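The structure file data.cif is reproduced below (mmCIF, C-alpha atoms).
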```cif
data_entry
loop_
_atom_site.group_PDB
_atom_site.id
_atom_site.type_symbol
_atom_site.label_atom_id
_atom_site.label_comp_id
_atom_site.auth_asym_id
_atom_site.auth_seq_id
_atom_site.Cartn_x
_atom_site.Cartn_y
_atom_site.Cartn_z
ATOM 1 C CA MET A 1414 39.542 4.393 -44.432
ATOM 2 C CA LYS A 1415 42.883 3.246 -43.052
ATOM 3 C CA ILE A 1416 42.401 5.239 -39.835
ATOM 4 C CA SER A 1417 38.936 3.733 -39.428
ATOM 5 C CA GLN A 1418 40.312 0.189 -39.731
ATOM 6 C CA GLU A 1419 43.046 0.929 -37.203
ATOM 7 C CA ALA A 1420 40.473 2.368 -34.801
ATOM 8 C CA GLN A 1421 38.299 -0.716 -35.176
ATOM 9 C CA THR A 1422 41.289 -2.976 -34.531
ATOM 10 C CA GLU A 1423 42.263 -1.008 -31.437
ATOM 11 C CA GLU A 1424 38.686 -1.103 -30.143
ATOM 12 C CA ALA A 1425 38.518 -4.875 -30.679
ATOM 13 C CA CYS A 1426 41.783 -5.348 -28.759
ATOM 14 C CA GLN A 1427 40.533 -3.191 -25.898
ATOM 15 C CA GLN A 1428 37.306 -5.186 -25.771
ATOM 16 C CA ALA A 1429 39.235 -8.470 -25.678
ATOM 17 C CA TYR A 1430 41.486 -7.216 -22.865
ATOM 18 C CA LYS A 1431 38.428 -5.986 -20.961
ATOM 19 C CA GLN A 1432 36.850 -9.444 -21.142
ATOM 20 C CA ILE A 1433 40.068 -10.997 -19.837
ATOM 21 C CA TYR A 1434 40.339 -8.553 -16.930
ATOM 22 C CA ASP A 1435 36.632 -8.934 -16.119
ATOM 23 C CA GLU A 1436 37.093 -12.706 -15.939
ATOM 24 C CA ILE A 1437 40.124 -12.290 -13.641
ATOM 25 C CA ASP A 1438 38.153 -9.966 -11.358
ATOM 26 C CA LYS A 1439 35.196 -12.345 -11.318
ATOM 27 C CA ARG A 1440 37.379 -15.308 -10.350
ATOM 28 C CA ALA A 1441 39.096 -13.258 -7.628
ATOM 29 C CA ASP A 1442 35.712 -12.248 -6.201
ATOM 30 C CA ASN A 1443 34.634 -15.887 -6.213
ATOM 31 C CA VAL A 1444 37.742 -16.893 -4.260
ATOM 32 C CA LYS A 1445 36.922 -14.246 -1.646
ATOM 33 C CA LYS A 1446 33.431 -15.731 -1.417
ATOM 34 C CA TYR A 1447 34.799 -19.271 -0.927
ATOM 35 C CA LYS A 1448 37.100 -18.004 1.812
ATOM 36 C CA ALA A 1449 34.194 -16.244 3.549
ATOM 37 C CA GLN A 1450 32.233 -19.500 3.360
ATOM 38 C CA GLN A 1451 35.255 -21.276 4.920
ATOM 39 C CA ILE A 1452 35.460 -23.889 2.180
ATOM 40 C CA TYR A 1453 38.496 -22.639 0.236
ATOM 41 C CA TYR A 1454 41.128 -24.121 2.566
ATOM 42 C CA THR A 1455 39.042 -27.054 3.821
ATOM 43 C CA GLU A 1456 40.712 -30.325 2.864
ATOM 44 C CA LEU A 1457 38.538 -33.143 1.597
ATOM 45 C CA SER A 1458 38.994 -36.891 1.836
ATOM 46 C CA LYS A 1459 41.655 -38.464 -0.388
ATOM 47 C CA ALA A 1460 40.004 -41.888 -0.220
ATOM 48 C CA HIS A 1461 39.435 -41.917 -3.981
ATOM 49 C CA LEU A 1462 43.205 -41.899 -4.592
ATOM 50 C CA HIS A 1463 44.997 -45.231 -4.794
ATOM 51 C CA GLU A 1464 47.084 -46.485 -1.884
ATOM 52 C CA LYS A 1465 48.637 -49.355 -3.813
ATOM 53 C CA SER A 1466 52.365 -49.869 -4.140
ATOM 54 C CA TYR A 1467 54.052 -50.160 -7.541
ATOM 55 C CA GLU A 1468 54.070 -53.961 -7.252
ATOM 56 C CA GLU A 1469 50.337 -54.030 -6.490
ATOM 57 C CA ARG A 1470 49.531 -51.752 -9.415
ATOM 58 C CA LEU A 1471 51.742 -53.862 -11.706
ATOM 59 C CA ALA A 1472 49.760 -56.934 -10.647
ATOM 60 C CA LEU A 1473 46.498 -55.051 -11.258
ATOM 61 C CA ALA A 1474 47.653 -54.048 -14.744
ATOM 62 C CA SER A 1475 48.617 -57.688 -15.452
ATOM 63 C CA SER A 1476 45.141 -58.784 -14.403
ATOM 64 C CA LEU A 1477 43.470 -56.185 -16.629
ATOM 65 C CA ASN A 1478 45.700 -57.132 -19.576
ATOM 66 C CA GLY A 1479 45.179 -60.862 -19.101
ATOM 67 C CA CYS A 1480 48.913 -61.642 -19.062
ATOM 68 C CA GLU A 1481 52.152 -60.928 -17.198
ATOM 69 C CA PHE A 1482 54.690 -58.257 -18.095
ATOM 70 C CA LYS A 1483 58.140 -58.716 -19.553
ATOM 71 C CA THR A 1484 61.035 -56.293 -19.224
ATOM 72 C CA ALA A 1485 61.995 -54.487 -22.407
ATOM 73 C CA LYS A 1486 65.529 -54.459 -23.738
ATOM 74 C CA PRO A 1487 67.573 -51.319 -22.972
ATOM 75 C CA TYR A 1488 66.528 -48.455 -25.193
ATOM 76 C CA LYS A 1489 69.065 -47.089 -27.658
ATOM 77 C CA LYS A 1490 68.635 -43.490 -26.420
ATOM 78 C CA ALA A 1491 68.702 -42.020 -22.927
ATOM 79 C CA PHE A 1492 65.415 -41.269 -21.211
ATOM 80 C CA SER A 1493 64.461 -37.734 -20.269
ATOM 81 C CA SER A 1494 64.750 -36.675 -16.631
ATOM 82 C CA ARG A 1495 61.602 -37.187 -14.554
ATOM 83 C CA VAL A 1496 62.393 -34.237 -12.248
ATOM 84 C CA HIS A 1497 59.780 -31.527 -12.721
ATOM 85 C CA THR A 1498 61.124 -28.316 -14.193
ATOM 86 C CA ASP A 1499 58.455 -26.003 -12.660
ATOM 87 C CA HIS A 1500 58.392 -24.144 -15.998
ATOM 88 C CA PHE A 1501 55.248 -25.748 -17.367
ATOM 89 C CA HIS A 1502 52.092 -27.040 -15.699
ATOM 90 C CA HIS A 1503 49.298 -27.014 -18.294
ATOM 91 C CA ILE A 1504 48.749 -30.589 -19.479
ATOM 92 C CA GLY A 1505 45.816 -30.385 -21.903
ATOM 93 C CA ASN A 1506 42.503 -32.230 -21.613
ATOM 94 C CA CYS A 1507 42.054 -33.090 -17.928
ATOM 95 C CA ASP A 1508 39.016 -33.626 -15.705
ATOM 96 C CA GLY A 1509 41.003 -34.006 -12.473
ATOM 97 C CA GLN A 1510 40.786 -37.784 -12.506
ATOM 98 C CA VAL A 1511 42.079 -38.512 -15.989
ATOM 99 C CA LEU A 1512 44.437 -36.766 -18.391
ATOM 100 C CA ALA A 1513 43.840 -37.592 -22.050
ATOM 101 C CA LEU A 1514 46.819 -37.339 -24.385
ATOM 102 C CA ARG A 1515 46.290 -37.827 -28.104
ATOM 103 C CA ARG A 1516 48.668 -40.184 -29.862
ATOM 104 C CA ALA A 1517 49.987 -39.723 -33.402
ATOM 105 C CA PRO A 1518 47.178 -39.346 -35.989
ATOM 106 C CA GLY A 1519 45.002 -42.444 -36.316
ATOM 107 C CA ILE A 1520 41.245 -41.919 -36.430
ATOM 108 C CA TRP A 1521 41.911 -38.247 -37.222
ATOM 109 C CA LEU A 1522 43.933 -39.239 -40.302
ATOM 110 C CA ILE A 1523 41.222 -41.654 -41.479
ATOM 111 C CA CYS A 1524 38.528 -38.973 -41.122
ATOM 112 C CA LEU A 1525 40.705 -36.456 -42.947
ATOM 113 C CA PHE A 1526 41.179 -38.969 -45.773
ATOM 114 C CA LEU A 1527 37.405 -39.535 -46.001
ATOM 115 C CA SER A 1528 36.809 -35.783 -46.035
ATOM 116 C CA VAL A 1529 39.285 -35.350 -48.892
ATOM 117 C CA LEU A 1530 37.526 -38.125 -50.842
ATOM 118 C CA PHE A 1531 34.228 -36.269 -50.663
ATOM 119 C CA PHE A 1532 35.583 -33.418 -52.792
ATOM 120 C CA PRO A 1533 36.489 -35.370 -55.997
ATOM 121 C CA ALA A 1534 33.363 -37.514 -55.542
ATOM 122 C CA GLY A 1535 31.167 -34.405 -55.329
ATOM 123 C CA LEU A 1536 32.997 -32.842 -58.276
ATOM 124 C CA GLY A 1537 32.460 -35.992 -60.345
ATOM 125 C CA PHE A 1538 28.743 -36.096 -59.501
ATOM 126 C CA PHE A 1539 28.426 -32.401 -60.380
ATOM 127 C CA PHE A 1540 29.919 -32.682 -63.897
ATOM 128 C CA GLU A 1541 28.134 -35.970 -64.536
ATOM 129 C CA GLY A 1542 24.839 -34.303 -63.615
ATOM 130 C CA VAL A 1543 25.569 -31.259 -65.804
ATOM 131 C CA PHE A 1544 26.578 -33.113 -68.976
ATOM 132 C CA HIS A 1545 25.176 -36.647 -68.844
ATOM 133 C CA GLY A 1546 23.420 -37.811 -65.726
ATOM 134 C CA PRO A 1547 19.923 -37.508 -64.289
ATOM 135 C CA ASN A 1548 18.813 -34.510 -62.252
ATOM 136 C CA TRP A 1549 19.322 -36.203 -58.861
ATOM 137 C CA LEU A 1550 23.110 -36.113 -59.328
ATOM 138 C CA MET A 1551 23.211 -32.334 -58.780
ATOM 139 C CA PRO A 1552 21.695 -32.470 -55.272
ATOM 140 C CA ALA A 1553 23.950 -35.439 -54.492
ATOM 141 C CA ALA A 1554 26.976 -33.350 -55.460
ATOM 142 C CA LEU A 1555 25.844 -30.533 -53.159
ATOM 143 C CA VAL A 1556 25.406 -33.020 -50.315
ATOM 144 C CA LEU A 1557 28.931 -34.378 -50.782
ATOM 145 C CA PHE A 1558 30.383 -30.860 -50.980
ATOM 146 C CA CYS A 1559 28.537 -29.352 -48.020
ATOM 147 C CA ILE A 1560 27.460 -32.141 -45.699
ATOM 148 C CA GLY A 1561 30.316 -34.581 -46.341
ATOM 149 C CA PRO A 1562 32.996 -32.690 -44.361
ATOM 150 C CA TRP A 1563 30.496 -32.075 -41.540
ATOM 151 C CA LEU A 1564 29.671 -35.793 -41.367
ATOM 152 C CA THR A 1565 33.330 -36.767 -41.188
ATOM 153 C CA TYR A 1566 33.856 -34.199 -38.413
ATOM 154 C CA LYS A 1567 30.961 -35.719 -36.457
ATOM 155 C CA LEU A 1568 32.431 -39.182 -37.054
ATOM 156 C CA TRP A 1569 35.764 -37.951 -35.673
ATOM 157 C CA GLU A 1570 33.996 -36.513 -32.610
ATOM 158 C CA GLN A 1571 32.456 -39.917 -31.861
ATOM 159 C CA LEU A 1572 35.636 -41.940 -32.434
ATOM 160 C CA ASP A 1573 38.244 -39.453 -31.190
ATOM 161 C CA TRP A 1574 38.598 -41.295 -27.850
ATOM 162 C CA LEU A 1575 40.176 -44.252 -29.688
ATOM 163 C CA ASP A 1576 43.265 -42.106 -30.329
ATOM 164 C CA LYS A 1577 43.695 -40.995 -26.705
ATOM 165 C CA ILE A 1578 46.140 -42.296 -24.086
ATOM 166 C CA GLU A 1579 44.591 -42.251 -20.594
ATOM 167 C CA PHE A 1580 46.666 -41.205 -17.571
ATOM 168 C CA ASN A 1581 44.527 -42.070 -14.539
ATOM 169 C CA ARG A 1582 45.652 -40.197 -11.421
ATOM 170 C CA HIS A 1583 43.270 -42.154 -9.174
ATOM 171 C CA THR A 1584 44.668 -45.582 -10.121
ATOM 172 C CA GLY A 1585 48.275 -44.723 -11.049
ATOM 173 C CA LEU A 1586 47.871 -46.615 -14.331
ATOM 174 C CA VAL A 1587 48.237 -45.577 -17.960
ATOM 175 C CA ARG A 1588 45.956 -47.054 -20.612
ATOM 176 C CA THR A 1589 47.268 -46.940 -24.159
ATOM 177 C CA SER A 1590 45.155 -45.948 -27.140
ATOM 178 C CA HIS A 1591 43.627 -48.239 -29.738
ATOM 179 C CA THR A 1592 45.616 -48.982 -32.869
ATOM 180 C CA LEU A 1593 44.775 -50.857 -36.053
ATOM 181 C CA LEU A 1594 46.382 -54.113 -34.845
ATOM 182 C CA ARG A 1595 46.414 -53.753 -31.047
ATOM 183 C CA ARG A 1596 43.878 -53.321 -28.290
ATOM 184 C CA PRO A 1597 44.630 -50.940 -25.390
ATOM 185 C CA PHE A 1598 46.543 -52.253 -22.399
ATOM 186 C CA TYR A 1599 47.445 -50.966 -18.937
ATOM 187 C CA VAL A 1600 50.864 -50.195 -17.476
ATOM 188 C CA PRO A 1601 51.974 -48.394 -14.279
ATOM 189 C CA ILE A 1602 53.155 -44.828 -14.776
ATOM 190 C CA GLU A 1603 56.620 -45.839 -13.470
ATOM 191 C CA ASP A 1604 57.114 -48.027 -16.568
ATOM 192 C CA VAL A 1605 56.515 -45.194 -19.024
ATOM 193 C CA GLU A 1606 59.480 -43.001 -19.938
ATOM 194 C CA MET A 1607 60.043 -40.228 -22.434
ATOM 195 C CA CYS A 1608 62.833 -40.119 -24.974
ATOM 196 C CA GLU A 1609 63.577 -36.642 -26.278
ATOM 197 C CA GLY A 1610 64.040 -36.148 -30.002
ATOM 198 C CA PRO A 1611 65.318 -33.139 -31.961
ATOM 199 C CA ILE A 1612 63.425 -29.829 -31.902
ATOM 200 C CA ILE A 1613 61.929 -29.054 -35.308
ATOM 201 C CA GLN A 1614 62.213 -25.386 -36.222
ATOM 202 C CA ALA A 1615 59.562 -23.921 -38.527
ATOM 203 C CA ALA A 1616 60.667 -21.752 -41.424
ATOM 204 C CA ARG A 1617 60.981 -17.957 -40.983
ATOM 205 C CA GLY A 1618 60.582 -17.994 -37.222
ATOM 206 C CA GLY A 1619 57.235 -19.792 -37.265
ATOM 207 C CA GLY A 1620 57.864 -21.595 -33.963
ATOM 208 C CA GLU A 1621 59.218 -24.967 -32.954
ATOM 209 C CA MET A 1622 57.935 -28.409 -32.012
ATOM 210 C CA GLY A 1623 59.421 -31.143 -29.849
ATOM 211 C CA THR A 1624 59.606 -34.663 -31.252
ATOM 212 C CA GLY A 1625 59.885 -36.669 -28.044
ATOM 213 C CA GLY A 1626 57.911 -39.899 -27.692
ATOM 214 C CA LEU A 1627 56.930 -42.290 -24.904
ATOM 215 C CA VAL A 1628 58.788 -45.557 -24.362
ATOM 216 C CA LEU A 1629 57.786 -48.561 -22.219
ATOM 217 C CA THR A 1630 60.273 -50.260 -19.911
ATOM 218 C CA LYS A 1631 57.800 -53.140 -19.379
ATOM 219 C CA TYR A 1632 55.086 -54.359 -21.712
ATOM 220 C CA PRO A 1633 52.566 -57.245 -21.835
ATOM 221 C CA ALA A 1634 54.169 -60.608 -22.528
ATOM 222 C CA LYS A 1635 51.595 -61.436 -25.224
ATOM 223 C CA PHE A 1636 53.260 -58.906 -27.556
ATOM 224 C CA TRP A 1637 56.254 -60.046 -29.588
ATOM 225 C CA TRP A 1638 57.959 -56.662 -29.495
ATOM 226 C CA ARG A 1639 57.766 -53.482 -27.473
ATOM 227 C CA PRO A 1640 54.801 -51.313 -28.558
ATOM 228 C CA THR A 1641 55.575 -47.705 -29.348
ATOM 229 C CA ILE A 1642 53.556 -44.714 -28.149
ATOM 230 C CA ALA A 1643 53.975 -41.803 -30.530
ATOM 231 C CA THR A 1644 52.210 -38.649 -29.350
ATOM 232 C CA PHE A 1645 50.439 -36.141 -31.593
ATOM 233 C CA GLY A 1646 52.712 -33.138 -32.162
ATOM 234 C CA GLY A 1647 55.603 -34.714 -30.263
ATOM 235 C CA MET A 1648 56.481 -33.899 -26.674
ATOM 236 C CA GLU A 1649 58.994 -31.854 -24.721
ATOM 237 C CA ARG A 1650 60.417 -32.502 -21.274
ATOM 238 C CA ASP A 1651 58.380 -29.730 -19.597
ATOM 239 C CA HIS A 1652 55.121 -31.291 -20.799
ATOM 240 C CA TRP A 1653 56.197 -34.768 -19.722
ATOM 241 C CA THR A 1654 57.237 -33.730 -16.222
ATOM 242 C CA ALA A 1655 53.955 -31.820 -15.822
ATOM 243 C CA ILE A 1656 52.128 -35.090 -16.594
ATOM 244 C CA LEU A 1657 54.256 -36.914 -14.022
ATOM 245 C CA LYS A 1658 53.440 -34.244 -11.464
ATOM 246 C CA PHE A 1659 49.732 -34.695 -12.192
ATOM 247 C CA MET A 1660 50.104 -38.446 -11.626
ATOM 248 C CA ASP A 1661 51.873 -37.881 -8.288
ATOM 249 C CA ILE A 1662 49.105 -38.267 -5.689
ATOM 250 C CA ASN A 1663 51.328 -36.774 -2.970
ATOM 251 C CA GLU A 1664 50.795 -33.339 -4.525
ATOM 252 C CA PRO A 1665 47.557 -31.468 -5.275
ATOM 253 C CA ILE A 1666 46.669 -30.719 -8.872
ATOM 254 C CA HIS A 1667 48.375 -27.516 -9.980
ATOM 255 C CA GLU A 1668 46.125 -24.486 -10.391
ATOM 256 C CA ASP A 1669 47.059 -24.158 -14.072
ATOM 257 C CA VAL A 1670 45.097 -27.379 -14.661
ATOM 258 C CA HIS A 1671 41.927 -26.012 -12.994
ATOM 259 C CA GLU A 1672 40.785 -24.284 -16.180
ATOM 260 C CA SER A 1673 40.664 -27.588 -18.063
ATOM 261 C CA ILE A 1674 38.796 -29.252 -15.184
ATOM 262 C CA GLU A 1675 36.214 -26.454 -15.178
ATOM 263 C CA LYS A 1676 35.812 -26.663 -18.949
ATOM 264 C CA HIS A 1677 34.948 -30.360 -18.765
ATOM 265 C CA TYR A 1678 32.616 -29.733 -15.835
ATOM 266 C CA LYS A 1679 30.655 -27.149 -17.850
ATOM 267 C CA LYS A 1680 30.306 -29.585 -20.752
ATOM 268 C CA ASP A 1681 29.614 -32.503 -18.350
ATOM 269 C CA LYS A 1682 32.193 -34.579 -20.197
ATOM 270 C CA ASN A 1683 35.179 -36.523 -18.948
ATOM 271 C CA ALA A 1684 38.619 -35.947 -20.451
ATOM 272 C CA MET A 1685 38.326 -38.963 -22.769
ATOM 273 C CA GLY A 1686 34.959 -37.766 -24.091
ATOM 274 C CA THR A 1687 33.356 -41.144 -23.359
ATOM 275 C CA GLY A 1688 31.051 -40.219 -20.484
ATOM 276 C CA PRO A 1689 29.935 -37.594 -17.968
ATOM 277 C CA PHE A 1690 32.234 -35.539 -15.761
ATOM 278 C CA PRO A 1691 33.650 -37.682 -12.905
ATOM 279 C CA GLU A 1692 31.303 -37.580 -9.922
ATOM 280 C CA VAL A 1693 34.201 -37.708 -7.466
ATOM 281 C CA MET A 1694 35.605 -34.409 -8.799
ATOM 282 C CA LYS A 1695 32.358 -32.427 -8.567
ATOM 283 C CA LYS A 1696 32.893 -31.687 -4.867
ATOM 284 C CA TYR A 1697 35.831 -29.435 -5.794
ATOM 285 C CA ILE A 1698 33.741 -27.192 -8.078
ATOM 286 C CA ASP A 1699 31.106 -24.636 -7.126
ATOM 287 C CA PRO A 1700 27.919 -25.622 -9.030
ATOM 288 C CA GLU A 1701 26.817 -21.979 -9.406
ATOM 289 C CA ASP A 1702 30.110 -20.370 -10.477
ATOM 290 C CA LYS A 1703 31.400 -23.443 -12.361
ATOM 291 C CA GLN A 1704 34.778 -22.654 -10.773
ATOM 292 C CA VAL A 1705 37.176 -24.710 -8.649
ATOM 293 C CA SER A 1706 36.353 -23.692 -5.069
ATOM 294 C CA ARG A 1707 39.188 -25.464 -3.213
ATOM 295 C CA TRP A 1708 42.807 -24.520 -2.779
ATOM 296 C CA ASN A 1709 44.017 -28.130 -2.794
ATOM 297 C CA VAL A 1710 42.363 -30.236 -5.476
ATOM 298 C CA TRP A 1711 43.239 -33.842 -4.747
#
```
Please rewrite the model in this file as structure tokens.
Amino acid sequence: MKISQEAQTEEACQQAYKQIYDEIDKRADNVKKYKAQQIYYTELSKAHLHEKSYEERLALASSLNGCEFKTAKPYKKAFSSRVHTDHFHHIGNCDGQVLALRRAPGIWLICLFLSVLFFPAGLGFFFEGVFHGPNWLMPAALVLFCIGPWLTYKLWEQLDWLDKIEFNRHTGLVRTSHTLLRRPFYVPIEDVEMCEGPIIQAARGGGEMGTGGLVLTKYPAKFWWRPTIATFGGMERDHWTAILKFMDINEPIHEDVHESIEKHYKKDKNAMGTGPFPEVMKKYIDPEDKQVSRWNVW
């Protein structure tokens, strides 16, 4: 029996590796096709990228926020270097126009709390129906047990965008997420810095997690104090500099980000999950292969 299980495990691993290699071969064949069609190295217009200076984008952000900016007091800790490390390029949910970064738990925490409430409520309905209550309490208990968590998951899917910070490569602006007491506001990418915190080590070699957070050097004057932007799971310098590289319109989007762009194209969803895939980015993707067909994705 043990040998049989080991054989099944080995066969499953071989099958998984085969799928990976088949996908690599397929993508390589597609690239050859794009080169033969003379579209792989053809540069497209960059007109959709902003040509505004920092001062112009700061004025645009002020207009969108409905107030001027004020300079924040010096932060108590040093900011992380903005020089890209070239060690890390994957940046998460990205459609080529926008990168969506989830802040510290907000809507997710509320939905989790609601899901947890369904369990004692269903348990209470169940025992009440068994010992005292009318017959309809039993089906109600089953609904709370089975459908309740699914409903809260669907609620989270619909409201998840409220927790996301938007880095817009085409405008050079960052839009903060919603919070309980504050609406989102816009700020140029130059006024967002990262402050590195300690690395948290998991017990028994279970990995590590950075605790860096984003800090604003300017913020809307209508706020009494500097808003904080805590990111979900923390952040490390490599991730932050990869985001900065994505926001740099003088460089094409790194090929490690193409997979995320293609994923959103297949689902016809933008990175924030609030609408369809950006029309301006479709010209970089082959509609048949669902694969990025350009070398330089601007």
Original post:
Using all atoms listed in the file, which residue out of A:Val1605, A:Ile1642, A:Leu1629, A:Ile1504 lies closest to Asp1576 (chain A)?
Top reply: A:Ile1642
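For the pair CA of Pro1633 (chain A) and CA of Cys1480 (chain A), the interatomic distance is 6.4 Å.
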Original post:
To one decimal place, how far is CA of Lys1459 (chain A) from CA of Arg1495 (chain A) in Å?
Top reply: 24.5 Å
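Checking A:Lys1448, A:Lys1490, A:Arg1595, A:His1652 one by one against Trp1637 (chain A), counting all atoms listed in the file, you find the shortest gap at A:Arg1595.
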Take the PyMOL selection byres ((chain A and resi 1654) around 12), apply it to the structure above, and return the hits as a compact mmCIF listing (two decimals) with C-alpha atoms, in the coordinates of the input.
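Result file is expr.txt:
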```
# COMPACT_ATOMS: atom_id res chain seq x y z
CA SER A 1493 64.46 -37.73 -20.27
CA SER A 1494 64.75 -36.67 -16.63
CA ARG A 1495 61.60 -37.19 -14.55
CA VAL A 1496 62.39 -34.24 -12.25
CA HIS A 1497 59.78 -31.53 -12.72
CA THR A 1498 61.12 -28.32 -14.19
CA ASP A 1499 58.46 -26.00 -12.66
CA HIS A 1500 58.39 -24.14 -16.00
CA PHE A 1501 55.25 -25.75 -17.37
CA HIS A 1502 52.09 -27.04 -15.70
CA HIS A 1503 49.30 -27.01 -18.29
CA ILE A 1504 48.75 -30.59 -19.48
CA ILE A 1602 53.16 -44.83 -14.78
CA VAL A 1605 56.52 -45.19 -19.02
CA GLU A 1606 59.48 -43.00 -19.94
CA MET A 1607 60.04 -40.23 -22.43
CA MET A 1648 56.48 -33.90 -26.67
CA GLU A 1649 58.99 -31.85 -24.72
CA ARG A 1650 60.42 -32.50 -21.27
CA ASP A 1651 58.38 -29.73 -19.60
CA HIS A 1652 55.12 -31.29 -20.80
CA TRP A 1653 56.20 -34.77 -19.72
CA ALA A 1655 53.96 -31.82 -15.82
CA ILE A 1656 52.13 -35.09 -16.59
CA LEU A 1657 54.26 -36.91 -14.02
CA LYS A 1658 53.44 -34.24 -11.46
CA PHE A 1659 49.73 -34.70 -12.19
CA MET A 1660 50.10 -38.45 -11.63
CA ASP A 1661 51.87 -37.88 -8.29
```
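Minimum atom-to-atom distances from A:Met1685, A:Leu1457, A:Leu1473, A:Ala1429 to Tyr1599 (chain A) were compared using only C-alpha atoms, and the lowest value belongs to A:Leu1473.
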**OP:** Quote the spacing between CA of Ser1466 (chain A) and CA of Pro1601 (chain A) in Å to one decimal place.
**Re:**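 CA of Pro1601 (chain A) lies at a distance of 10.3 Å from CA of Ser1466 (chain A).
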**OP:** Give me the result of the PyMOL selection byres ((chain A and resi 1439-1446) around 10) on this file, residue by residue, as a list of chain:residue names.
**Re:**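 The output of the PyMOL selection byres ((chain A and resi 1439-1446) around 10) on this file is A:Ile1433, A:Tyr1434, A:Asp1435, A:Glu1436, A:Ile1437, A:Asp1438, A:Tyr1447, A:Lys1448, A:Ala1449, A:Gln1450, A:Gln1451, A:Ile1452, A:Tyr1453, A:Asp1699, A:Asp1702, A:Gln1704, A:Val1705, A:Ser1706, A:Arg1707, A:Trp1708.
Here the question is which of A:Glu1579, A:Asp1681, A:Asp1604, A:Glu1609 gets nearest to Lys1703 (chain A) using only C-alpha atoms, and that residue is A:Asp1681.
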**OP:** Give the answer as one residue: which of A:Thr1422, A:Gly1505, A:Lys1486, A:Lys1631 has the shortest atom-to-atom distance to Glu1672 (chain A), using all atoms listed in the file?
**Re:**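 Looking only at the distances to Glu1672 (chain A), the closest residue turns out to be A:Gly1505.
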Subject >> For Leu1514 (chain A): contacts at 8 Å, only C-alpha atoms, fewer than 6 positions along chain excluded, given as JSON, numbers by chain >> reply: {"A": [1505, 1506, 1577, 1578, 1579, 1580, 1644]}
Excluding same-chain residues fewer than 6 positions from region 1581-1589 of chain A, what lies within 9 Å of it counting all atoms listed in the file, as a compact mmCIF listing (two decimals) with C-alpha atoms, in the coordinates of the input?
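Here's the written file around-v1.txt:
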```txt
# COMPACT_ATOMS: atom_id res chain seq x y z
CA HIS A 1461 39.44 -41.92 -3.98
CA LEU A 1462 43.20 -41.90 -4.59
CA HIS A 1463 45.00 -45.23 -4.79
CA GLU A 1464 47.08 -46.48 -1.88
CA LYS A 1465 48.64 -49.36 -3.81
CA TYR A 1467 54.05 -50.16 -7.54
CA ARG A 1470 49.53 -51.75 -9.41
CA LEU A 1471 51.74 -53.86 -11.71
CA ALA A 1474 47.65 -54.05 -14.74
CA GLY A 1509 41.00 -34.01 -12.47
CA GLN A 1510 40.79 -37.78 -12.51
CA VAL A 1511 42.08 -38.51 -15.99
CA LEU A 1512 44.44 -36.77 -18.39
CA ALA A 1513 43.84 -37.59 -22.05
CA ARG A 1516 48.67 -40.18 -29.86
CA ARG A 1596 43.88 -53.32 -28.29
CA PRO A 1597 44.63 -50.94 -25.39
CA PHE A 1598 46.54 -52.25 -22.40
CA TYR A 1599 47.44 -50.97 -18.94
CA VAL A 1600 50.86 -50.20 -17.48
CA PRO A 1601 51.97 -48.39 -14.28
CA ILE A 1602 53.16 -44.83 -14.78
CA GLU A 1603 56.62 -45.84 -13.47
CA VAL A 1605 56.52 -45.19 -19.02
CA ILE A 1642 53.56 -44.71 -28.15
CA PHE A 1659 49.73 -34.70 -12.19
CA MET A 1660 50.10 -38.45 -11.63
CA ASP A 1661 51.87 -37.88 -8.29
CA ILE A 1662 49.10 -38.27 -5.69
```
Original post:
Between A:Ser1458, A:Ser1475, A:Gln1427, A:Gln1432, which has the minimum distance to Tyr1697 (chain A) (counting only C-alpha atoms)?
Top reply: A:Ser1458
Original post:
Do you know which residues are at most 8 Å from Cys1507 (chain A) counting all atoms listed in the file, after dropping those on the same chain fewer than 6 positions away, and could you put them as a list in words?
Top reply: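 Once the adjacent positions are removed, what remains is Ala1513, Val1670, Ser1673, Ile1674, His1677, Asn1683 and Ala1684 of chain A.
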